[in-house]
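Encoded as structure tokens, the structure appears first; notes follow it.
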Amino acid sequence: MNRTLPWLLGGAFAFALSLNAQTNPDGSADTGDAHDGQKLVSSEPPAQVAKRLQWWSEARFGMFIHWGLYAQDGCFYKGQDGKTEHMMRHLQIPLKDYAKIADDFNPVKFSADEWVGIAKNAGMKYMIITSKHHDGFAMFNSPSSDYNIVKRTPWKRDPVKELAEACRKQGLKFGAYYSLGRDWEDPDVPTRDGYRSNTWDFPDESKKDFSKYFERKVKPQVRELLTQYGPIAVLWFDTPERISKKQSEELIALIHQLQPDCIINARVGNRLGDYAVSEQKIPESGDVKPWETCMTLNGHWGYKKDDEKWKPTETLVRNLVDIASKGGNFLLNVGPTGEGLIPGPSVQHLREVGEWMRVNGEAIYGTTAGPFAKLDWGRCTKKVNGKETTLYLHVFDWPKDGKLFVPGLRGQIESVSLLATGKRLSTAVSENGLVITVPETAPNKISATIAVKVSGPVILGAK
Ligand code: FHN
């Protein structure tokens, strides 16, 4: 018998498995972050996807919430530093011991109205909360799995229900994050490299069958999320890991059958989904496909009690402007405490972002990427309304000589004004672009907006 045949078959199987486990063409691990230059391969007509995404594209700015048992003591466990919301994995806490955290999880200071009010006041238009993170603990009433916040905590309330209702009351869209390919409670969840599996309770990766977990937990819980809480605007999947293309497609079909308007991100796996995820980073340039940058306010997704390194409000505003100027959405994360409070510095910085948005939100909401490749002094977003185009110039570095040069801009300029006050500004057309005379002091030192209204096409480039 040919002795090499089994090796060949084994190798082929391993290769097939690796493809099935999602690797990029260059062999690098694909976290489902399709914003790696790869095209999304949605089977739907682009116009149908664009229609579903319309409110999302106009919203531009949302709140991400990472909340779970790991928040009980700020990602610490019995005095040990669990580092992040991956605390259970970092400290290899046995499931039976980790589950006991729920016995004391009693966030009596939680107020859905307050959390939604903080998001709304910041100018955010949608909210996405972790319904189940990698620890497998459902932060919602899940009849298919008793390992959930209503069944296993003294608090006995359903924050997903309360937040969905509060969002509807206050006019925000509501969505749920769901850890798809990592679940440290279920014995059948292998990961691409094993490294992100629960190998301390369930050591033998080769015995794990993702399809059993997919049928037993994923599909029932996705169905619960889409039938228990009214409209779910976004299902934000994470870490697709070993899901097959067929299973990704099956999940999308289930979601669309239950809620056709529900947006699905690309971490549903296998280059499917409605938009790409750029985690903790802002792409150098925009992208043809819809995309969203998700980012922490400090260095952690979940509440980390010893992390006080909060991003300054200037950074948050300029990130939002930068992302919008490239046509993306900004999903900014908060990590509430075990008591149910969003940390004070998060609230303060979001309040300050809201102050900026109340004056300049028109230059973010409903805009698309600006036409300039690069502007030394800031960014540009664009809004087209029939024959009229408004270019919003976001000036980070206010010119000291009172002259703002817009390279290459020509076309029928109807008006140029400060968005904050409506004050009209004078301009001069040079052969290389437009020169705007600006007041000595910027209306806002973080980012001041100038609205340039152009009738007809915006023309770029020297005469
Ligand atoms: O491992 C998770 C992490 O905890 C967090 O939820 C982020 C959010 O995008 N997603 C995974 C890392 O890519």
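Going through the structure tokens in order, the chains are called A, B, and so on, while each chain numbers its residues from 1 and the ligands are numbered from 1 in the order shown.
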
Hey, which residues come within 8 Å of ligand 1 if we count only C-alpha atoms and all ligand atoms? Could you give them as an NGL selection string?
:A and (31 or 66 or 84-86 or 130 or 133-134 or 179 or 238-239 or 279-280 or 294-295 or 301-302)

For the selection you just gave me, I'd like the residues written to a file as a short mmCIF file (atom, residue, chain, number, x, y, z; two decimals), in the first residue's frame, keeping all heavy atoms.
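Final output, saved to out22.cif:
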data_model
loop_
_atom_site.label_atom_id
_atom_site.label_comp_id
_atom_site.auth_asym_id
_atom_site.auth_seq_id
_atom_site.Cartn_x
_atom_site.Cartn_y
_atom_site.Cartn_z
N THR A 31 -9.24 37.25 10.82
CA THR A 31 -10.10 37.34 12.02
C THR A 31 -11.53 37.67 11.60
O THR A 31 -12.34 37.99 12.45
CB THR A 31 -9.61 38.49 12.93
OG1 THR A 31 -9.69 39.70 12.14
CG2 THR A 31 -8.19 38.28 13.39
N HIS A 66 -19.02 46.91 26.10
CA HIS A 66 -18.53 45.60 26.53
C HIS A 66 -18.84 45.45 28.02
O HIS A 66 -18.27 46.17 28.85
CB HIS A 66 -17.02 45.46 26.30
CG HIS A 66 -16.66 45.02 24.91
ND1 HIS A 66 -16.83 45.83 23.80
CD2 HIS A 66 -16.15 43.85 24.46
CE1 HIS A 66 -16.44 45.16 22.72
NE2 HIS A 66 -16.02 43.97 23.08
N THR A 84 -7.60 41.55 30.71
CA THR A 84 -8.66 42.14 29.87
C THR A 84 -9.96 41.37 30.09
O THR A 84 -10.01 40.48 30.94
CB THR A 84 -8.32 42.00 28.36
OG1 THR A 84 -8.50 40.61 28.00
CG2 THR A 84 -6.89 42.40 28.03
N GLU A 85 -10.95 41.65 29.27
CA GLU A 85 -12.21 40.89 29.30
C GLU A 85 -11.97 39.42 28.94
O GLU A 85 -12.86 38.59 29.07
CB GLU A 85 -13.24 41.51 28.34
CG GLU A 85 -12.89 41.48 26.87
CD GLU A 85 -11.84 42.52 26.48
OE1 GLU A 85 -11.56 43.43 27.27
OE2 GLU A 85 -11.29 42.40 25.37
N HIS A 86 -10.75 39.09 28.55
CA HIS A 86 -10.38 37.68 28.33
C HIS A 86 -9.88 37.06 29.64
O HIS A 86 -9.19 36.04 29.64
CB HIS A 86 -9.26 37.57 27.29
CG HIS A 86 -9.70 37.87 25.91
ND1 HIS A 86 -9.25 37.18 24.79
CD2 HIS A 86 -10.54 38.80 25.42
CE1 HIS A 86 -9.81 37.67 23.70
NE2 HIS A 86 -10.58 38.66 24.06
N THR A 130 -22.52 43.85 24.09
CA THR A 130 -22.14 42.45 24.08
C THR A 130 -23.27 41.62 24.68
O THR A 130 -23.48 41.64 25.89
CB THR A 130 -20.87 42.23 24.92
OG1 THR A 130 -21.04 42.90 26.18
CG2 THR A 130 -19.63 42.76 24.23
N HIS A 133 -20.17 37.44 25.17
CA HIS A 133 -18.75 37.55 24.80
C HIS A 133 -18.12 36.16 24.82
O HIS A 133 -18.83 35.15 24.92
CB HIS A 133 -18.04 38.55 25.72
CG HIS A 133 -16.80 39.13 25.09
ND1 HIS A 133 -15.54 38.70 25.40
CD2 HIS A 133 -16.65 40.08 24.14
CE1 HIS A 133 -14.66 39.36 24.68
NE2 HIS A 133 -15.30 40.21 23.90
N HIS A 134 -16.80 36.12 24.73
CA HIS A 134 -16.14 34.81 24.61
C HIS A 134 -16.37 33.91 25.81
O HIS A 134 -16.24 32.69 25.70
CB HIS A 134 -14.63 34.99 24.42
CG HIS A 134 -14.22 35.89 23.32
ND1 HIS A 134 -14.99 36.16 22.22
CD2 HIS A 134 -13.09 36.62 23.15
CE1 HIS A 134 -14.36 36.99 21.41
NE2 HIS A 134 -13.20 37.30 21.95
N SER A 179 -20.31 36.86 20.24
CA SER A 179 -19.06 36.14 20.00
C SER A 179 -19.38 34.82 19.31
O SER A 179 -19.95 33.91 19.91
CB SER A 179 -18.34 35.87 21.33
OG SER A 179 -17.20 35.06 21.09
N ASP A 238 -18.46 38.60 16.22
CA ASP A 238 -17.03 38.74 16.49
C ASP A 238 -16.36 37.38 16.33
O ASP A 238 -17.00 36.33 16.53
CB ASP A 238 -16.82 39.26 17.92
CG ASP A 238 -15.48 39.96 18.08
OD1 ASP A 238 -14.76 40.14 17.08
OD2 ASP A 238 -15.14 40.31 19.22
N THR A 239 -15.07 37.42 15.98
CA THR A 239 -14.20 36.24 15.96
C THR A 239 -14.92 35.02 15.38
O THR A 239 -15.27 34.08 16.10
CB THR A 239 -13.73 35.92 17.41
OG1 THR A 239 -14.89 35.74 18.24
CG2 THR A 239 -12.87 37.03 17.95
N GLU A 279 -10.58 47.24 13.46
CA GLU A 279 -10.56 47.26 14.93
C GLU A 279 -9.37 48.05 15.46
O GLU A 279 -8.23 47.78 15.13
CB GLU A 279 -10.49 45.84 15.47
CG GLU A 279 -10.46 45.78 16.99
CD GLU A 279 -10.64 44.39 17.52
OE1 GLU A 279 -11.51 43.67 17.00
OE2 GLU A 279 -9.90 44.03 18.45
N GLN A 280 -9.68 49.05 16.27
CA GLN A 280 -8.67 49.88 16.95
C GLN A 280 -7.78 50.63 15.95
O GLN A 280 -6.72 51.11 16.33
CB GLN A 280 -7.77 49.02 17.88
CG GLN A 280 -8.52 48.36 19.03
CD GLN A 280 -8.82 49.31 20.20
OE1 GLN A 280 -9.13 50.48 19.99
NE2 GLN A 280 -8.75 48.82 21.42
N CYS A 294 -13.96 50.27 15.14
CA CYS A 294 -14.39 50.17 16.54
C CYS A 294 -13.15 50.43 17.40
O CYS A 294 -12.05 50.00 17.05
CB CYS A 294 -15.01 48.81 16.84
SG CYS A 294 -13.98 47.38 16.48
N MET A 295 -13.35 51.17 18.49
CA MET A 295 -12.20 51.63 19.27
C MET A 295 -12.56 51.81 20.75
O MET A 295 -13.71 52.13 21.06
CB MET A 295 -11.74 52.98 18.68
CG MET A 295 -10.37 53.43 19.10
SD MET A 295 -9.87 54.95 18.25
CE MET A 295 -9.23 54.30 16.72
N TRP A 301 -11.48 46.96 26.30
CA TRP A 301 -12.90 46.88 25.90
C TRP A 301 -13.75 46.73 27.15
O TRP A 301 -14.69 47.49 27.37
CB TRP A 301 -13.12 45.69 24.97
CG TRP A 301 -12.40 45.79 23.66
CD1 TRP A 301 -11.26 45.12 23.28
CD2 TRP A 301 -12.74 46.63 22.54
NE1 TRP A 301 -10.89 45.49 22.01
CE2 TRP A 301 -11.77 46.40 21.53
CE3 TRP A 301 -13.76 47.54 22.29
CZ2 TRP A 301 -11.81 47.06 20.30
CZ3 TRP A 301 -13.79 48.19 21.06
CH2 TRP A 301 -12.83 47.96 20.08
N GLY A 302 -13.44 45.76 27.98
CA GLY A 302 -14.19 45.57 29.22
C GLY A 302 -13.66 46.52 30.29
O GLY A 302 -12.56 47.06 30.17
#

Counting only C-alpha atoms, which residues of stretch 53-170 of chain A sit at most 6 Å from some atom of stretch 319-331 of chain A, and what is each one's closest atom pair with its distance in Å to one decimal, listed by chain and rising residue number, as a tab-separated table?
residue	atom	partner	partner_atom	distance
A:Arg60	CA	A:Asn329	CA	4.4
A:Phe61	CA	A:Phe330	CA	4.9
A:Gly62	CA	A:Leu331	CA	4.7
A:Met63	CA	A:Leu331	CA	5.5
A:Phe64	CA	A:Leu331	CA	5.7

Could the residues in this selection be saved with all heavy atoms as an mmCIF file, in the first residue's frame?
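The resulting again_33.cif:
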data_model
loop_
_atom_site.group_PDB
_atom_site.id
_atom_site.type_symbol
_atom_site.label_atom_id
_atom_site.label_comp_id
_atom_site.auth_asym_id
_atom_site.auth_seq_id
_atom_site.Cartn_x
_atom_site.Cartn_y
_atom_site.Cartn_z
ATOM 1 N N ARG A 60 -23.159 57.387 11.151
ATOM 2 C CA ARG A 60 -21.727 57.635 11.301
ATOM 3 C C ARG A 60 -21.144 57.341 12.693
ATOM 4 O O ARG A 60 -19.962 57.076 12.813
ATOM 5 C CB ARG A 60 -21.368 59.081 10.916
ATOM 6 C CG ARG A 60 -21.382 59.309 9.413
ATOM 7 C CD ARG A 60 -20.101 58.797 8.786
ATOM 8 N NE ARG A 60 -20.144 58.785 7.327
ATOM 9 C CZ ARG A 60 -20.356 57.673 6.617
ATOM 10 N NH1 ARG A 60 -20.549 56.515 7.212
ATOM 11 N NH2 ARG A 60 -20.378 57.709 5.297
ATOM 12 N N PHE A 61 -21.899 57.406 13.772
ATOM 13 C CA PHE A 61 -21.308 57.411 15.111
ATOM 14 C C PHE A 61 -22.189 56.588 16.057
ATOM 15 O O PHE A 61 -23.401 56.828 16.173
ATOM 16 C CB PHE A 61 -21.211 58.867 15.591
ATOM 17 C CG PHE A 61 -20.423 59.096 16.844
ATOM 18 C CD1 PHE A 61 -19.365 58.275 17.234
ATOM 19 C CD2 PHE A 61 -20.719 60.193 17.652
ATOM 20 C CE1 PHE A 61 -18.627 58.517 18.391
ATOM 21 C CE2 PHE A 61 -19.987 60.448 18.821
ATOM 22 C CZ PHE A 61 -18.951 59.609 19.182
ATOM 23 N N GLY A 62 -21.577 55.568 16.712
ATOM 24 C CA GLY A 62 -22.348 54.730 17.626
ATOM 25 C C GLY A 62 -21.573 54.389 18.884
ATOM 26 O O GLY A 62 -20.361 54.598 18.952
ATOM 27 N N MET A 63 -22.294 53.846 19.859
ATOM 28 C CA MET A 63 -21.672 53.411 21.120
ATOM 29 C C MET A 63 -21.557 51.893 21.147
ATOM 30 O O MET A 63 -22.531 51.186 20.875
ATOM 31 C CB MET A 63 -22.507 53.867 22.337
ATOM 32 C CG MET A 63 -21.914 53.370 23.663
ATOM 33 S SD MET A 63 -22.910 53.837 25.100
ATOM 34 C CE MET A 63 -22.235 55.483 25.448
ATOM 35 N N PHE A 64 -20.366 51.418 21.451
ATOM 36 C CA PHE A 64 -20.099 49.997 21.666
ATOM 37 C C PHE A 64 -20.073 49.804 23.182
ATOM 38 O O PHE A 64 -19.564 50.682 23.898
ATOM 39 C CB PHE A 64 -18.719 49.663 21.093
ATOM 40 C CG PHE A 64 -18.529 48.281 20.546
ATOM 41 C CD1 PHE A 64 -17.302 47.924 19.981
ATOM 42 C CD2 PHE A 64 -19.524 47.303 20.584
ATOM 43 C CE1 PHE A 64 -17.080 46.648 19.443
ATOM 44 C CE2 PHE A 64 -19.312 46.029 20.071
ATOM 45 C CZ PHE A 64 -18.084 45.715 19.495
#

Considering only C-alpha atoms, can you say which of A:Glu250, A:Gly344, A:Thr199, A:Trp184 comes closest to A:Glu215?
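For A:Glu215, the nearest of the candidates is A:Glu250.
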
Extract, using only C-alpha atoms, all DNA, RNA and protein residues at most 10 Å from A:Lys400, discarding same-chain residues fewer than 6 positions from it, and format them as a PyMOL selection string.
chain A and resi 438-442

Among stretch 72-130 of chain A, which residues does DSSP mark as strand (DSSP E or B) when it is run on the backbone? Keep the chain and numbering as in the structure and answer as a PyMOL selection string.
chain A and resi 76-77+80-81+126-130

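Here atom CA of A:Glu314 is placed at a distance of 16.6 Å from atom CA of A:Met124.
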
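If only C-alpha atoms are the atoms counted, then among A:Ser197, A:Lys120, A:Tyr147, A:Arg192 the closest residue to A:Ala166 is A:Lys120.
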
Write out as a compact mmCIF listing (two decimals) with N, CA, C and O atoms, in the first residue's frame the residues lying within 8 Å of stretch 227-236 of chain A, counting only C-alpha atoms and excluding same-chain residues fewer than 6 positions away.
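Resulting contents of around16.txt:
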# COMPACT_ATOMS: atom_id res chain seq x y z
N ILE A 128 -24.52 49.26 20.49
CA ILE A 128 -24.33 47.80 20.31
C ILE A 128 -23.69 47.25 21.59
O ILE A 128 -22.61 47.70 21.98
N VAL A 160 -30.35 43.64 28.00
CA VAL A 160 -30.59 43.79 26.55
C VAL A 160 -32.02 44.27 26.33
O VAL A 160 -32.28 45.21 25.55
N LYS A 161 -32.95 43.70 27.08
CA LYS A 161 -34.35 44.13 26.98
C LYS A 161 -34.50 45.60 27.36
O LYS A 161 -35.10 46.40 26.64
N ALA A 164 -32.80 47.94 24.82
CA ALA A 164 -33.54 48.01 23.55
C ALA A 164 -34.73 48.96 23.71
O ALA A 164 -35.00 49.81 22.84
N GLU A 165 -35.42 48.83 24.85
CA GLU A 165 -36.58 49.70 25.10
C GLU A 165 -36.14 51.16 25.26
O GLU A 165 -36.73 52.08 24.68
N LYS A 173 -30.89 53.56 17.42
CA LYS A 173 -30.99 52.18 16.94
C LYS A 173 -30.24 51.29 17.93
O LYS A 173 -29.26 51.72 18.55
N PHE A 174 -30.71 50.03 18.07
CA PHE A 174 -30.12 49.12 19.05
C PHE A 174 -29.63 47.86 18.36
O PHE A 174 -30.30 47.30 17.49
N GLY A 175 -28.42 47.42 18.76
CA GLY A 175 -27.87 46.19 18.17
C GLY A 175 -27.15 45.36 19.22
O GLY A 175 -26.93 45.80 20.35
N ALA A 176 -26.81 44.14 18.82
CA ALA A 176 -26.17 43.21 19.76
C ALA A 176 -24.90 42.64 19.16
O ALA A 176 -24.87 42.25 17.99
N TYR A 177 -23.87 42.61 19.98
CA TYR A 177 -22.61 41.92 19.66
C TYR A 177 -22.79 40.45 20.05
O TYR A 177 -23.45 40.15 21.06
N TYR A 178 -22.23 39.55 19.26
CA TYR A 178 -22.30 38.12 19.62
C TYR A 178 -20.98 37.45 19.25
O TYR A 178 -20.56 37.50 18.09
N LEU A 258 -35.82 36.33 9.96
CA LEU A 258 -36.45 36.87 11.17
C LEU A 258 -36.53 38.40 11.14
O LEU A 258 -37.55 38.99 11.53
N GLN A 259 -35.47 39.05 10.69
CA GLN A 259 -35.47 40.53 10.64
C GLN A 259 -34.69 40.97 9.40
O GLN A 259 -33.48 41.21 9.46
N ASP A 261 -34.24 43.65 7.92
CA ASP A 261 -33.52 44.94 7.97
C ASP A 261 -32.30 44.90 8.90
O ASP A 261 -31.60 45.90 9.02
N CYS A 262 -32.07 43.77 9.53
CA CYS A 262 -30.95 43.69 10.48
C CYS A 262 -29.62 43.69 9.72
O CYS A 262 -29.39 42.86 8.84
N ILE A 263 -28.76 44.64 10.06
CA ILE A 263 -27.44 44.73 9.43
C ILE A 263 -26.50 43.72 10.09
O ILE A 263 -26.59 43.50 11.30
N ILE A 264 -25.64 43.13 9.28
CA ILE A 264 -24.71 42.11 9.79
C ILE A 264 -23.28 42.53 9.42
O ILE A 264 -23.02 42.89 8.26
N ASN A 265 -22.38 42.52 10.37
CA ASN A 265 -21.00 42.94 10.04
C ASN A 265 -20.21 41.78 9.44
O ASN A 265 -20.68 40.64 9.39
N ARG A 267 -17.75 40.12 10.39
CA ARG A 267 -17.24 39.05 11.26
C ARG A 267 -18.26 37.92 11.45
O ARG A 267 -18.06 37.03 12.27
N VAL A 268 -19.28 37.92 10.56
CA VAL A 268 -20.14 36.73 10.46
C VAL A 268 -19.31 35.65 9.75
O VAL A 268 -19.65 34.48 9.78

Using only C-alpha atoms: which of A:Trp55, A:Tyr392, A:Tyr126, A:Phe137 has the shortest distance to A:Ile101:
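Under the stated criterion, the closest residue is A:Phe137.
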
Point-to-point distance from atom CA of A:Val49 to atom CA of A:Gln170, Å rounded to tenths:
26.1 Å
